[in-house]
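Enquirer: The following block contains the structure, expressed as structure tokens.
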Amino acid sequence: MNRRIRLRHLLYGLGGLAAAALVALWAGLMPVTASSGHWRITAWFLHWVMQNSVRTDALFVETPAEVDDPVLVRRAAGHFETACRFCHGAPGAPAGPLPFNMTPRPPGLEHAADAWSPAELFRIVGHGIKFSGMPAWPAPARDDEVWAMVAFLRALPQMDAADYAQLSGRAATADAGDSLPARAGCVACHGTDGGSDGGAVPVIGGQRTDYLAATLIDFRDGRRDGGIMQVATAGLDDDTIARLARHYAGQRPEPDPAAHADPERLAQGAAIISDGMPEARVPACSACHGAGGADPKPGIPRLAGQDAGYLATQLHLWRAGTRGGGPRAEVMTRAASGLSDADIRAVAAALARGEKGRGYRDTLPGGTAAPAAD
Ligand code: HEC
Ligand code: HEC
Ligand code: HEC
């Protein structure tokens, strides 16, 4: 009996406290101003909750073997400069003044790779952090891009200001002067000539003008999935896109040295390109992309001499149904659905090599002439 009364009093007490807290919140007595910061205990508590949540989330993430590939570091570095440095700062390039007044204040990331495992960084960069201003990756299906950023964060502690200027494209942009691709921010990642930088980005120099313009608009309008290029094209008008497409279509970048490829794999890839795989309902790629992928129909991309890793990633995205693209992208979802992982590797290697080793440059009219941009 006695015990019951005490329990009842306790419940009344708790109810009273909750009501008082509600009244205080209703009256606006809980400060949400960023300028007042957090009490120490609140900051500790929120960070503790965040850490536990990230650690649990990361239990189910499988870390790829190539998590420290330098190509991935280069792929993400330019995006770090445009999308992250403003809040977090980088070697030789401090954060902007506004994030300094955020609560919580965005931390420097030079020690993030010591504090977090690759899988934990993957969850943080992919999903962002609630109640903090740390954004999620803009393209939820692009795990490959998030892993590139994880590789960058893991390389960050060893970078000095000169490394960062070079990797992030700040140096290239400064060197490119006042050209349109420099003003539009493309030079940081694609250079002026649109070469592939060893596979960090796709070759766009010498690509068809109509395809370049269409796919840039697809990125900008969110029809093509890709966090890096969606950010890079946000805010570009159609006319600027048309001029950028003409600039890169007119370039003749130096091809990357041909990677060694197993002759059997190349032959298997070449057969799929010219004949398809009727039993798996895979059409001949050459029907639309031309022999060896070098002579495409209007609006369809040239594939000969493209980076093999990029081609394989696009085919995987298509097979998963997440690549997106223009009104004709559906034909690629169907074309890729019957390809196995081994078929994708073979076809990508053969296309990268180009027909009889003829890559982008050799199959283009105009040789190595590079018309100037406006
Ligand atoms: C608008 C500002 C803002 C932007 C932009 C931003 N972040 Fe953050 N980020 C934060 C804040 C604030 C935190 C701290 C969150 C916390 O501790 O609860 C954070 C935390 C992090 C952490 C965990 C750091 C640690 O040591 O706990 C990583 C890693 C990170 N961000 C990476 C990135 C990357 C990569 C990008 C770009 C794709 C990015 N951030 C863009 C604000 C930002
Ligand atoms: C931060 C680095 C970065 C910047 C800046 C950038 N790009 Fe890209 N670009 C990439 C990456 C990485 C890809 C591969 C995209 C993917 O996998 O979704 C790409 C893809 C492309 C493609 C698609 C190629 C294809 O074959 O479909 C085009 C076209 C392109 N970029 C043009 C541009 C132009 C024009 C600009 C300037 C407005 C620009 N990019 C700015 C990194 C960048
Ligand atoms: C019926 C015509 C057609 C056939 C057949 C076809 N493609 Fe395509 N392909 C397209 C079109 C159209 C696009 C551009 C889609 C878009 O982005 O809107 C494309 C784009 C691509 C891309 C993306 C290139 C880039 O720069 O991002 C790759 C890779 C590709 N195709 C590979 C293949 C392979 C491999 C085959 C054969 C197995 C094939 N295609 C067969 C029409 C075709």
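Labels used: A, B, ... for chains in the order of the structure tokens, numbers from 1 for residues in each chain, and numbers from 1 for ligands as shown.
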Set the distance at 7 Å and use only C-alpha atoms: which residues neighbour stretch 327-344 of chain A once local chain neighbours fewer than 5 positions away are removed? I'd like the list as a VMD selection string.

Expert: chain A and resid 269 280 to 283 312 315 318 to 319 321

Enquirer: Pick out the residues sitting within 9 Å of stretch 73-76 of chain A, and hand them over as a PyMOL selection string; count only C-alpha atoms, and ignore anything fewer than 3 positions along from it in its own chain.

Expert: chain A and resi 68-70+79-81+145-155+167-168+189+197+199-201+228

Enquirer: Write out as a PyMOL selection string the residues lying within 7 Å of A:Gly292, counting only C-alpha atoms and excluding same-chain residues fewer than 5 positions away.

Expert: chain A and resi 273+286+304+351+354-355

Enquirer: Mind writing the picked residues with C-alpha atoms as a PDB file, in the first residue's frame?

Expert:
```
ATOM      1  CA  ILE A 273      30.275  -4.623 -78.958  1.00  0.00           C
ATOM      2  CA  SER A 286      27.826  -0.812 -82.278  1.00  0.00           C
ATOM      3  CA  ALA A 304      36.049   4.503 -77.841  1.00  0.00           C
ATOM      4  CA  LEU A 351      35.900   0.217 -75.509  1.00  0.00           C
ATOM      5  CA  GLY A 354      39.214   1.642 -78.982  1.00  0.00           C
ATOM      6  CA  GLU A 355      38.835  -0.293 -82.201  1.00  0.00           C
TER       7      GLU A 355
END
```

Enquirer: Can you list, as a PDB file with all heavy atoms, in the first residue's frame, every protein, DNA or RNA residue that comes within 10 Å of A:Ala93 when you count only C-alpha atoms, leaving out same-chain residues fewer than 6 positions away?

Expert:
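Below is the file that was written, part-v8.pdb:
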```
ATOM      1  N   GLU A  81      36.656  20.874 -52.472  1.00  0.00           N
ATOM      2  CA  GLU A  81      36.886  22.314 -52.560  1.00  0.00           C
ATOM      3  C   GLU A  81      35.576  23.077 -52.760  1.00  0.00           C
ATOM      4  O   GLU A  81      35.350  24.109 -52.125  1.00  0.00           O
ATOM      5  CB  GLU A  81      37.869  22.594 -53.716  1.00  0.00           C
ATOM      6  CG  GLU A  81      38.051  24.050 -54.100  1.00  0.00           C
ATOM      7  CD  GLU A  81      38.673  24.907 -52.998  1.00  0.00           C
ATOM      8  OE1 GLU A  81      39.255  24.354 -52.049  1.00  0.00           O
ATOM      9  OE2 GLU A  81      38.559  26.152 -53.100  1.00  0.00           O
ATOM     10  N   ARG A  85      34.907  22.542 -48.268  1.00  0.00           N
ATOM     11  CA  ARG A  85      35.961  23.392 -47.705  1.00  0.00           C
ATOM     12  C   ARG A  85      35.387  24.641 -47.038  1.00  0.00           C
ATOM     13  O   ARG A  85      35.880  25.096 -46.011  1.00  0.00           O
ATOM     14  CB  ARG A  85      36.948  23.783 -48.822  1.00  0.00           C
ATOM     15  CG  ARG A  85      38.265  24.306 -48.320  1.00  0.00           C
ATOM     16  CD  ARG A  85      38.343  25.808 -48.290  1.00  0.00           C
ATOM     17  NE  ARG A  85      38.311  26.366 -49.620  1.00  0.00           N
ATOM     18  CZ  ARG A  85      38.186  27.661 -49.849  1.00  0.00           C
ATOM     19  NH1 ARG A  85      38.091  28.527 -48.853  1.00  0.00           N
ATOM     20  NH2 ARG A  85      38.152  28.104 -51.083  1.00  0.00           N
ATOM     21  N   PHE A  86      34.311  25.168 -47.607  1.00  0.00           N
ATOM     22  CA  PHE A  86      33.655  26.354 -47.070  1.00  0.00           C
ATOM     23  C   PHE A  86      33.349  26.186 -45.579  1.00  0.00           C
ATOM     24  O   PHE A  86      33.482  27.109 -44.793  1.00  0.00           O
ATOM     25  CB  PHE A  86      32.360  26.572 -47.872  1.00  0.00           C
ATOM     26  CG  PHE A  86      31.443  27.601 -47.290  1.00  0.00           C
ATOM     27  CD1 PHE A  86      31.741  28.952 -47.434  1.00  0.00           C
ATOM     28  CD2 PHE A  86      30.287  27.236 -46.614  1.00  0.00           C
ATOM     29  CE1 PHE A  86      30.894  29.915 -46.908  1.00  0.00           C
ATOM     30  CE2 PHE A  86      29.439  28.195 -46.080  1.00  0.00           C
ATOM     31  CZ  PHE A  86      29.752  29.547 -46.228  1.00  0.00           C
ATOM     32  N   ALA A 161      49.731  22.490 -48.109  1.00  0.00           N
ATOM     33  CA  ALA A 161      48.975  23.471 -48.904  1.00  0.00           C
ATOM     34  C   ALA A 161      49.209  23.276 -50.404  1.00  0.00           C
ATOM     35  O   ALA A 161      48.273  23.374 -51.204  1.00  0.00           O
ATOM     36  CB  ALA A 161      49.357  24.890 -48.476  1.00  0.00           C
ATOM     37  N   TYR A 164      47.303  20.273 -51.715  1.00  0.00           N
ATOM     38  CA  TYR A 164      45.860  20.518 -51.789  1.00  0.00           C
ATOM     39  C   TYR A 164      45.530  21.424 -52.986  1.00  0.00           C
ATOM     40  O   TYR A 164      44.561  21.189 -53.699  1.00  0.00           O
ATOM     41  CB  TYR A 164      45.332  21.132 -50.486  1.00  0.00           C
ATOM     42  CG  TYR A 164      43.831  21.355 -50.551  1.00  0.00           C
ATOM     43  CD1 TYR A 164      42.954  20.277 -50.453  1.00  0.00           C
ATOM     44  CD2 TYR A 164      43.296  22.623 -50.783  1.00  0.00           C
ATOM     45  CE1 TYR A 164      41.577  20.467 -50.569  1.00  0.00           C
ATOM     46  CE2 TYR A 164      41.924  22.817 -50.899  1.00  0.00           C
ATOM     47  CZ  TYR A 164      41.073  21.736 -50.787  1.00  0.00           C
ATOM     48  OH  TYR A 164      39.718  21.913 -50.919  1.00  0.00           O
ATOM     49  N   ALA A 165      46.355  22.449 -53.206  1.00  0.00           N
ATOM     50  CA  ALA A 165      46.094  23.361 -54.328  1.00  0.00           C
ATOM     51  C   ALA A 165      46.116  22.588 -55.643  1.00  0.00           C
ATOM     52  O   ALA A 165      45.300  22.811 -56.534  1.00  0.00           O
ATOM     53  CB  ALA A 165      47.125  24.477 -54.346  1.00  0.00           C
ATOM     54  N   ARG A 170      42.594  24.054 -57.539  1.00  0.00           N
ATOM     55  CA  ARG A 170      42.736  25.505 -57.328  1.00  0.00           C
ATOM     56  C   ARG A 170      43.873  26.048 -58.183  1.00  0.00           C
ATOM     57  O   ARG A 170      43.763  27.109 -58.781  1.00  0.00           O
ATOM     58  CB  ARG A 170      43.050  25.800 -55.853  1.00  0.00           C
ATOM     59  CG  ARG A 170      41.855  25.711 -54.928  1.00  0.00           C
ATOM     60  CD  ARG A 170      42.295  25.679 -53.477  1.00  0.00           C
ATOM     61  NE  ARG A 170      42.776  26.971 -52.980  1.00  0.00           N
ATOM     62  CZ  ARG A 170      41.995  27.889 -52.406  1.00  0.00           C
ATOM     63  NH1 ARG A 170      40.725  27.649 -52.254  1.00  0.00           N
ATOM     64  NH2 ARG A 170      42.488  29.028 -51.982  1.00  0.00           N
TER      65      ARG A 170
END
```

Enquirer: Find the residue from A:Leu266, A:Met134, A:Ala24, A:Leu72 that sits nearest to ligand 2; use only C-alpha atoms and all ligand atoms when measuring.

Expert: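 Under the stated criterion, the closest residue is A:Leu72.
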
Enquirer: Neighbours of ligand 1 at 7 Å or closer, counting only C-alpha atoms and all ligand atoms: which residues, as number ranges by chain?

Expert: A: 46-47, 50, 80, 83-84, 86-88, 99, 102-107, 109, 111-112, 115, 121, 124-125, 129, 132-135, 137, 149

Enquirer: Pull N, CA, C and O atoms from the residues just selected and write them as a short mmCIF file (atom, residue, chain, number, x, y, z; two decimals), in the first residue's frame.

Expert:
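Final output, saved to out.cif:
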```
data_model
loop_
_atom_site.label_atom_id
_atom_site.label_comp_id
_atom_site.auth_asym_id
_atom_site.auth_seq_id
_atom_site.Cartn_x
_atom_site.Cartn_y
_atom_site.Cartn_z
N LEU A 46 25.38 15.44 -27.17
CA LEU A 46 25.01 15.32 -28.59
C LEU A 46 26.07 14.56 -29.37
O LEU A 46 25.78 13.73 -30.23
N HIS A 47 27.36 14.84 -29.08
CA HIS A 47 28.43 14.16 -29.79
C HIS A 47 28.43 12.67 -29.47
O HIS A 47 28.66 11.83 -30.33
N MET A 50 25.69 11.09 -31.42
CA MET A 50 26.08 11.04 -32.82
C MET A 50 27.07 9.89 -33.05
O MET A 50 26.89 9.07 -33.94
N PHE A 80 35.51 18.39 -52.83
CA PHE A 80 35.74 18.87 -51.46
C PHE A 80 35.90 20.39 -51.47
O PHE A 80 35.34 21.09 -50.63
N ALA A 83 32.32 21.87 -52.24
CA ALA A 83 31.16 21.53 -51.41
C ALA A 83 31.46 21.39 -49.92
O ALA A 83 30.53 21.35 -49.12
N CYS A 84 32.71 21.29 -49.51
CA CYS A 84 33.01 21.00 -48.10
C CYS A 84 33.96 22.03 -47.48
O CYS A 84 33.87 22.33 -46.28
N PHE A 86 34.31 25.17 -47.61
CA PHE A 86 33.66 26.35 -47.07
C PHE A 86 33.35 26.19 -45.58
O PHE A 86 33.48 27.11 -44.79
N CYS A 87 32.92 24.98 -45.17
CA CYS A 87 32.62 24.74 -43.76
C CYS A 87 33.82 24.21 -42.98
O CYS A 87 34.04 24.59 -41.83
N HIS A 88 34.60 23.29 -43.58
CA HIS A 88 35.61 22.56 -42.80
C HIS A 88 37.03 23.08 -42.95
O HIS A 88 37.90 22.72 -42.16
N PRO A 99 30.50 29.79 -41.36
CA PRO A 99 30.38 28.57 -40.56
C PRO A 99 30.99 28.69 -39.16
O PRO A 99 30.65 27.93 -38.26
N MET A 102 28.40 28.84 -36.61
CA MET A 102 27.40 27.77 -36.50
C MET A 102 27.54 27.05 -35.16
O MET A 102 28.60 27.02 -34.56
N THR A 103 26.43 26.45 -34.69
CA THR A 103 26.47 25.57 -33.52
C THR A 103 25.87 24.23 -33.91
O THR A 103 24.70 24.22 -34.28
N PRO A 104 26.63 23.12 -33.91
CA PRO A 104 28.06 23.06 -33.61
C PRO A 104 28.89 23.65 -34.74
O PRO A 104 28.46 23.64 -35.88
N ARG A 105 30.08 24.16 -34.39
CA ARG A 105 30.99 24.72 -35.39
C ARG A 105 31.60 23.55 -36.18
O ARG A 105 32.06 22.58 -35.57
N PRO A 106 31.60 23.60 -37.53
CA PRO A 106 32.17 22.48 -38.31
C PRO A 106 33.64 22.28 -37.94
O PRO A 106 34.42 23.23 -37.97
N PRO A 107 34.03 21.06 -37.54
CA PRO A 107 35.42 20.84 -37.13
C PRO A 107 36.36 20.77 -38.33
O PRO A 107 35.93 20.46 -39.43
N LEU A 109 39.03 18.77 -40.53
CA LEU A 109 38.91 17.32 -40.78
C LEU A 109 40.27 16.63 -40.85
O LEU A 109 40.36 15.49 -41.28
N HIS A 111 41.96 15.33 -38.64
CA HIS A 111 42.07 14.13 -37.80
C HIS A 111 40.87 13.19 -37.95
O HIS A 111 40.77 12.19 -37.25
N ALA A 112 39.96 13.51 -38.90
CA ALA A 112 38.73 12.72 -39.01
C ALA A 112 39.04 11.25 -39.30
O ALA A 112 38.37 10.35 -38.79
N ALA A 115 39.84 9.42 -36.13
CA ALA A 115 38.71 9.24 -35.20
C ALA A 115 37.69 8.25 -35.73
O ALA A 115 36.99 7.61 -34.94
N LEU A 121 33.20 6.89 -41.76
CA LEU A 121 33.26 8.08 -42.62
C LEU A 121 32.25 7.96 -43.75
O LEU A 121 31.60 8.93 -44.14
N ILE A 124 28.90 8.94 -42.41
CA ILE A 124 28.81 10.39 -42.14
C ILE A 124 28.68 11.17 -43.45
O ILE A 124 27.79 12.01 -43.61
N VAL A 125 29.56 10.87 -44.42
CA VAL A 125 29.55 11.64 -45.67
C VAL A 125 28.30 11.30 -46.50
O VAL A 125 27.72 12.16 -47.14
N ILE A 129 24.64 14.63 -40.88
CA ILE A 129 24.35 14.54 -39.44
C ILE A 129 23.22 15.50 -39.10
O ILE A 129 23.33 16.71 -39.31
N SER A 132 22.84 19.48 -37.23
CA SER A 132 24.19 20.04 -37.17
C SER A 132 24.53 20.88 -38.39
O SER A 132 25.47 21.66 -38.37
N GLY A 133 23.80 20.74 -39.48
CA GLY A 133 24.17 21.47 -40.70
C GLY A 133 25.03 20.64 -41.62
O GLY A 133 25.28 21.02 -42.76
N MET A 134 25.52 19.46 -41.16
CA MET A 134 26.34 18.59 -42.01
C MET A 134 25.42 17.88 -43.01
O MET A 134 24.58 17.07 -42.63
N PRO A 135 25.55 18.23 -44.33
CA PRO A 135 24.57 17.73 -45.31
C PRO A 135 24.82 16.28 -45.74
O PRO A 135 25.94 15.78 -45.62
N TRP A 137 24.95 13.30 -48.80
CA TRP A 137 25.41 13.30 -50.20
C TRP A 137 24.22 13.55 -51.11
O TRP A 137 23.16 12.93 -50.91
N MET A 149 35.15 10.17 -51.68
CA MET A 149 35.35 11.20 -50.66
C MET A 149 36.00 10.61 -49.40
O MET A 149 36.83 11.27 -48.75
#
```

Enquirer: With distances taken over only C-alpha atoms, which of A:Arg183, A:Arg208, A:Arg345, A:Arg123 is nearest to A:Ile272?

Expert: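 Smallest separation from A:Ile272 among the options: A:Arg345.
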
Enquirer: Going by DSSP on the backbone, which bits of stretch 113-336 of chain A are helix (DSSP H, G or I)? Write them as a ChimeraX atom specification, please.

Expert: /A:113-115,118-127,143-158,161-167,170-175,180-183,187-190,197-199,209-220,227-233,238-249,263-275,278-280,286-289,291-293,308-319,329-336

Enquirer: Taking only C-alpha atoms and all ligand atoms and a cut-off of 6 Å, can you tell me which residues surround ligand 2, written as an mmCIF file with all heavy atoms, in the first residue's frame?

Expert:
```
data_model
loop_
_atom_site.group_PDB
_atom_site.id
_atom_site.type_symbol
_atom_site.label_atom_id
_atom_site.label_comp_id
_atom_site.auth_asym_id
_atom_site.auth_seq_id
_atom_site.Cartn_x
_atom_site.Cartn_y
_atom_site.Cartn_z
ATOM 1 N N ARG A 75 39.605 12.200 -57.653
ATOM 2 C CA ARG A 75 38.218 12.382 -58.103
ATOM 3 C C ARG A 75 37.426 13.241 -57.112
ATOM 4 O O ARG A 75 36.608 14.063 -57.500
ATOM 5 C CB ARG A 75 37.539 11.022 -58.268
ATOM 6 C CG ARG A 75 36.120 11.132 -58.835
ATOM 7 C CD ARG A 75 35.570 9.766 -59.177
ATOM 8 N NE ARG A 75 36.431 9.066 -60.096
ATOM 9 C CZ ARG A 75 36.519 7.733 -60.198
ATOM 10 N NH1 ARG A 75 35.780 6.970 -59.425
ATOM 11 N NH2 ARG A 75 37.337 7.177 -61.057
ATOM 12 N N GLY A 78 38.356 17.906 -55.951
ATOM 13 C CA GLY A 78 37.729 19.117 -56.499
ATOM 14 C C GLY A 78 36.364 19.354 -55.872
ATOM 15 O O GLY A 78 35.950 20.496 -55.645
ATOM 16 N N HIS A 79 35.654 18.266 -55.586
ATOM 17 C CA HIS A 79 34.331 18.392 -54.963
ATOM 18 C C HIS A 79 34.475 18.862 -53.517
ATOM 19 O O HIS A 79 33.666 19.651 -53.031
ATOM 20 C CB HIS A 79 33.604 17.044 -55.029
ATOM 21 C CG HIS A 79 32.193 17.122 -54.524
ATOM 22 N ND1 HIS A 79 31.198 17.774 -55.211
ATOM 23 C CD2 HIS A 79 31.602 16.632 -53.406
ATOM 24 C CE1 HIS A 79 30.059 17.686 -54.537
ATOM 25 N NE2 HIS A 79 30.278 16.997 -53.427
ATOM 26 N N ALA A 184 33.414 28.824 -65.164
ATOM 27 C CA ALA A 184 32.313 27.922 -64.806
ATOM 28 C C ALA A 184 32.756 26.847 -63.818
ATOM 29 O O ALA A 184 31.942 26.036 -63.372
ATOM 30 C CB ALA A 184 31.739 27.269 -66.066
ATOM 31 N N GLY A 185 34.061 26.789 -63.496
ATOM 32 C CA GLY A 185 34.544 25.854 -62.484
ATOM 33 C C GLY A 185 34.925 24.482 -63.023
ATOM 34 O O GLY A 185 35.341 23.611 -62.267
ATOM 35 N N CYS A 186 34.802 24.260 -64.345
ATOM 36 C CA CYS A 186 35.060 22.922 -64.905
ATOM 37 C C CYS A 186 36.545 22.574 -64.885
ATOM 38 O O CYS A 186 36.919 21.396 -64.735
ATOM 39 C CB CYS A 186 34.569 22.830 -66.350
ATOM 40 S SG CYS A 186 33.024 23.667 -66.686
ATOM 41 N N ALA A 188 38.861 22.908 -62.803
ATOM 42 C CA ALA A 188 39.397 22.304 -61.580
ATOM 43 C C ALA A 188 39.466 20.778 -61.707
ATOM 44 O O ALA A 188 40.399 20.154 -61.223
ATOM 45 C CB ALA A 188 38.527 22.687 -60.384
ATOM 46 N N CYS A 189 38.500 20.168 -62.348
ATOM 47 C CA CYS A 189 38.464 18.707 -62.444
ATOM 48 C C CYS A 189 38.750 18.191 -63.849
ATOM 49 O O CYS A 189 39.338 17.128 -64.011
ATOM 50 C CB CYS A 189 37.108 18.190 -61.984
ATOM 51 S SG CYS A 189 36.705 18.682 -60.301
ATOM 52 N N VAL A 201 38.438 11.452 -63.823
ATOM 53 C CA VAL A 201 37.189 11.950 -64.431
ATOM 54 C C VAL A 201 37.063 11.305 -65.815
ATOM 55 O O VAL A 201 38.051 10.832 -66.360
ATOM 56 C CB VAL A 201 37.209 13.495 -64.587
ATOM 57 C CG1 VAL A 201 37.085 14.192 -63.241
ATOM 58 C CG2 VAL A 201 38.445 13.962 -65.337
ATOM 59 N N PRO A 202 35.844 11.283 -66.401
ATOM 60 C CA PRO A 202 35.731 10.749 -67.763
ATOM 61 C C PRO A 202 36.363 11.694 -68.782
ATOM 62 O O PRO A 202 36.491 12.893 -68.526
ATOM 63 C CB PRO A 202 34.215 10.667 -67.986
ATOM 64 C CG PRO A 202 33.614 11.622 -67.009
ATOM 65 C CD PRO A 202 34.533 11.668 -65.827
ATOM 66 N N ILE A 204 36.040 14.060 -71.640
ATOM 67 C CA ILE A 204 34.946 14.794 -72.273
ATOM 68 C C ILE A 204 35.446 15.584 -73.479
ATOM 69 O O ILE A 204 34.660 15.992 -74.323
ATOM 70 C CB ILE A 204 34.185 15.716 -71.285
ATOM 71 C CG1 ILE A 204 35.122 16.733 -70.636
ATOM 72 C CG2 ILE A 204 33.477 14.900 -70.216
ATOM 73 C CD1 ILE A 204 34.364 17.827 -69.867
ATOM 74 N N LEU A 212 27.079 16.075 -74.948
ATOM 75 C CA LEU A 212 27.618 16.837 -73.804
ATOM 76 C C LEU A 212 26.575 17.807 -73.263
ATOM 77 O O LEU A 212 26.321 17.850 -72.055
ATOM 78 C CB LEU A 212 28.870 17.627 -74.223
ATOM 79 C CG LEU A 212 30.157 16.831 -74.445
ATOM 80 C CD1 LEU A 212 31.274 17.762 -74.934
ATOM 81 C CD2 LEU A 212 30.586 16.123 -73.168
ATOM 82 N N LEU A 216 24.706 17.418 -69.553
ATOM 83 C CA LEU A 216 24.921 18.471 -68.546
ATOM 84 C C LEU A 216 23.579 18.989 -68.033
ATOM 85 O O LEU A 216 23.405 19.227 -66.833
ATOM 86 C CB LEU A 216 25.756 19.611 -69.136
ATOM 87 C CG LEU A 216 27.247 19.290 -69.316
ATOM 88 C CD1 LEU A 216 27.934 20.339 -70.189
ATOM 89 C CD2 LEU A 216 27.944 19.187 -67.962
ATOM 90 N N GLY A 226 24.223 12.001 -59.843
ATOM 91 C CA GLY A 226 25.654 12.163 -59.609
ATOM 92 C C GLY A 226 25.873 13.391 -58.732
ATOM 93 O O GLY A 226 25.583 14.509 -59.154
ATOM 94 N N ILE A 228 28.609 14.815 -57.591
ATOM 95 C CA ILE A 228 29.691 15.726 -57.964
ATOM 96 C C ILE A 228 29.232 16.636 -59.099
ATOM 97 O O ILE A 228 29.325 17.862 -59.018
ATOM 98 C CB ILE A 228 30.958 14.933 -58.364
ATOM 99 C CG1 ILE A 228 31.464 14.131 -57.150
ATOM 100 C CG2 ILE A 228 32.030 15.862 -58.900
ATOM 101 C CD1 ILE A 228 32.698 13.301 -57.414
ATOM 102 N N MET A 229 28.684 16.054 -60.167
ATOM 103 C CA MET A 229 28.290 16.865 -61.322
ATOM 104 C C MET A 229 26.993 17.636 -61.086
ATOM 105 O O MET A 229 26.781 18.673 -61.701
ATOM 106 C CB MET A 229 28.179 15.995 -62.579
ATOM 107 C CG MET A 229 29.515 15.731 -63.253
ATOM 108 S SD MET A 229 30.380 17.270 -63.681
ATOM 109 C CE MET A 229 29.239 17.971 -64.859
ATOM 110 N N ALA A 232 28.276 20.668 -59.595
ATOM 111 C CA ALA A 232 29.074 21.452 -60.551
ATOM 112 C C ALA A 232 28.213 22.154 -61.596
ATOM 113 O O ALA A 232 28.622 23.171 -62.157
ATOM 114 C CB ALA A 232 30.106 20.546 -61.244
ATOM 115 N N THR A 233 27.012 21.625 -61.897
ATOM 116 C CA THR A 233 26.183 22.229 -62.944
ATOM 117 C C THR A 233 25.052 23.094 -62.378
ATOM 118 O O THR A 233 24.360 23.760 -63.147
ATOM 119 C CB THR A 233 25.545 21.143 -63.839
ATOM 120 O OG1 THR A 233 24.954 20.147 -63.000
ATOM 121 C CG2 THR A 233 26.567 20.496 -64.749
ATOM 122 N N LEU A 244 29.881 25.629 -73.213
ATOM 123 C CA LEU A 244 30.838 24.699 -72.598
ATOM 124 C C LEU A 244 30.911 23.412 -73.412
ATOM 125 O O LEU A 244 31.995 22.844 -73.616
ATOM 126 C CB LEU A 244 30.424 24.389 -71.152
ATOM 127 C CG LEU A 244 30.607 25.528 -70.148
ATOM 128 C CD1 LEU A 244 29.875 25.226 -68.840
ATOM 129 C CD2 LEU A 244 32.102 25.762 -69.888
#
```

Enquirer: A:Thr42, A:Thr56, A:Ser196, A:Thr63: which is nearest ligand 3, counting only C-alpha atoms and all ligand atoms?

Expert: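 So, comparing all the options, the nearest one is A:Ser196.
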
Enquirer: As a short mmCIF file (atom, residue, chain, number, x, y, z; two decimals) with N, CA and C atoms, in the first residue's frame, please: the residues near A:Ala119 (cut-off 8 Å, only C-alpha atoms, same-chain neighbours under 6 positions excluded).

Expert:
```cif
data_model
loop_
_atom_site.label_atom_id
_atom_site.label_comp_id
_atom_site.auth_asym_id
_atom_site.auth_seq_id
_atom_site.Cartn_x
_atom_site.Cartn_y
_atom_site.Cartn_z
N ALA A 58 27.40 1.90 -39.11
CA ALA A 58 28.54 1.48 -39.93
C ALA A 58 28.80 -0.02 -39.83
N LEU A 59 28.14 -0.68 -38.86
CA LEU A 59 28.38 -2.12 -38.68
C LEU A 59 28.06 -2.90 -39.95
N VAL A 61 28.30 -1.83 -43.12
CA VAL A 61 28.94 -1.30 -44.33
C VAL A 61 30.17 -2.13 -44.66
N GLU A 62 30.25 -2.56 -45.91
CA GLU A 62 31.42 -3.32 -46.33
C GLU A 62 32.42 -2.37 -47.00
N THR A 63 33.65 -2.32 -46.50
CA THR A 63 34.65 -1.39 -47.04
C THR A 63 35.32 -1.99 -48.27
#
```

Enquirer: DSSP on the backbone: which residues in stretch 185-360 of chain A end up as strand (DSSP E or B)? Give the answer as JSON, numbers by chain.

Expert: {"A": [224, 277, 282, 324, 355, 358]}

Enquirer: Neighbours of A:His289 within 10 Å (only C-alpha atoms; same-chain residues fewer than 6 positions away dropped), as an mmCIF file with N, CA and C atoms, in the first residue's frame?

Expert:
```cif
data_model
loop_
_atom_site.group_PDB
_atom_site.id
_atom_site.type_symbol
_atom_site.label_atom_id
_atom_site.label_comp_id
_atom_site.auth_asym_id
_atom_site.auth_seq_id
_atom_site.Cartn_x
_atom_site.Cartn_y
_atom_site.Cartn_z
ATOM 1 N N ILE A 273 30.490 -5.928 -78.314
ATOM 2 C CA ILE A 273 30.275 -4.623 -78.958
ATOM 3 C C ILE A 273 29.720 -4.811 -80.381
ATOM 4 N N ASP A 295 31.937 5.677 -83.475
ATOM 5 C CA ASP A 295 31.230 6.434 -84.514
ATOM 6 C C ASP A 295 29.740 6.502 -84.187
ATOM 7 N N PRO A 296 29.392 7.192 -83.090
ATOM 8 C CA PRO A 296 28.018 7.129 -82.590
ATOM 9 C C PRO A 296 27.026 7.907 -83.443
ATOM 10 N N LYS A 297 25.753 7.498 -83.315
ATOM 11 C CA LYS A 297 24.654 8.231 -83.964
ATOM 12 C C LYS A 297 24.407 9.540 -83.197
ATOM 13 N N PRO A 298 23.674 10.490 -83.826
ATOM 14 C CA PRO A 298 23.419 11.773 -83.154
ATOM 15 C C PRO A 298 22.837 11.598 -81.753
ATOM 16 N N GLY A 299 23.354 12.383 -80.808
ATOM 17 C CA GLY A 299 22.844 12.376 -79.435
ATOM 18 C C GLY A 299 23.379 11.237 -78.581
ATOM 19 N N ILE A 300 24.159 10.343 -79.183
ATOM 20 C CA ILE A 300 24.651 9.167 -78.447
ATOM 21 C C ILE A 300 26.156 9.343 -78.201
ATOM 22 N N PRO A 301 26.622 9.009 -77.002
ATOM 23 C CA PRO A 301 28.036 9.306 -76.703
ATOM 24 C C PRO A 301 29.018 8.387 -77.430
ATOM 25 N N ARG A 302 30.165 8.980 -77.750
ATOM 26 C CA ARG A 302 31.316 8.232 -78.235
ATOM 27 C C ARG A 302 31.905 7.479 -77.035
ATOM 28 N N LEU A 303 32.253 6.211 -77.217
ATOM 29 C CA LEU A 303 32.781 5.424 -76.086
ATOM 30 C C LEU A 303 34.232 4.994 -76.303
ATOM 31 N N ALA A 304 34.680 4.952 -77.571
ATOM 32 C CA ALA A 304 36.049 4.503 -77.841
ATOM 33 C C ALA A 304 37.029 5.444 -77.158
#
```
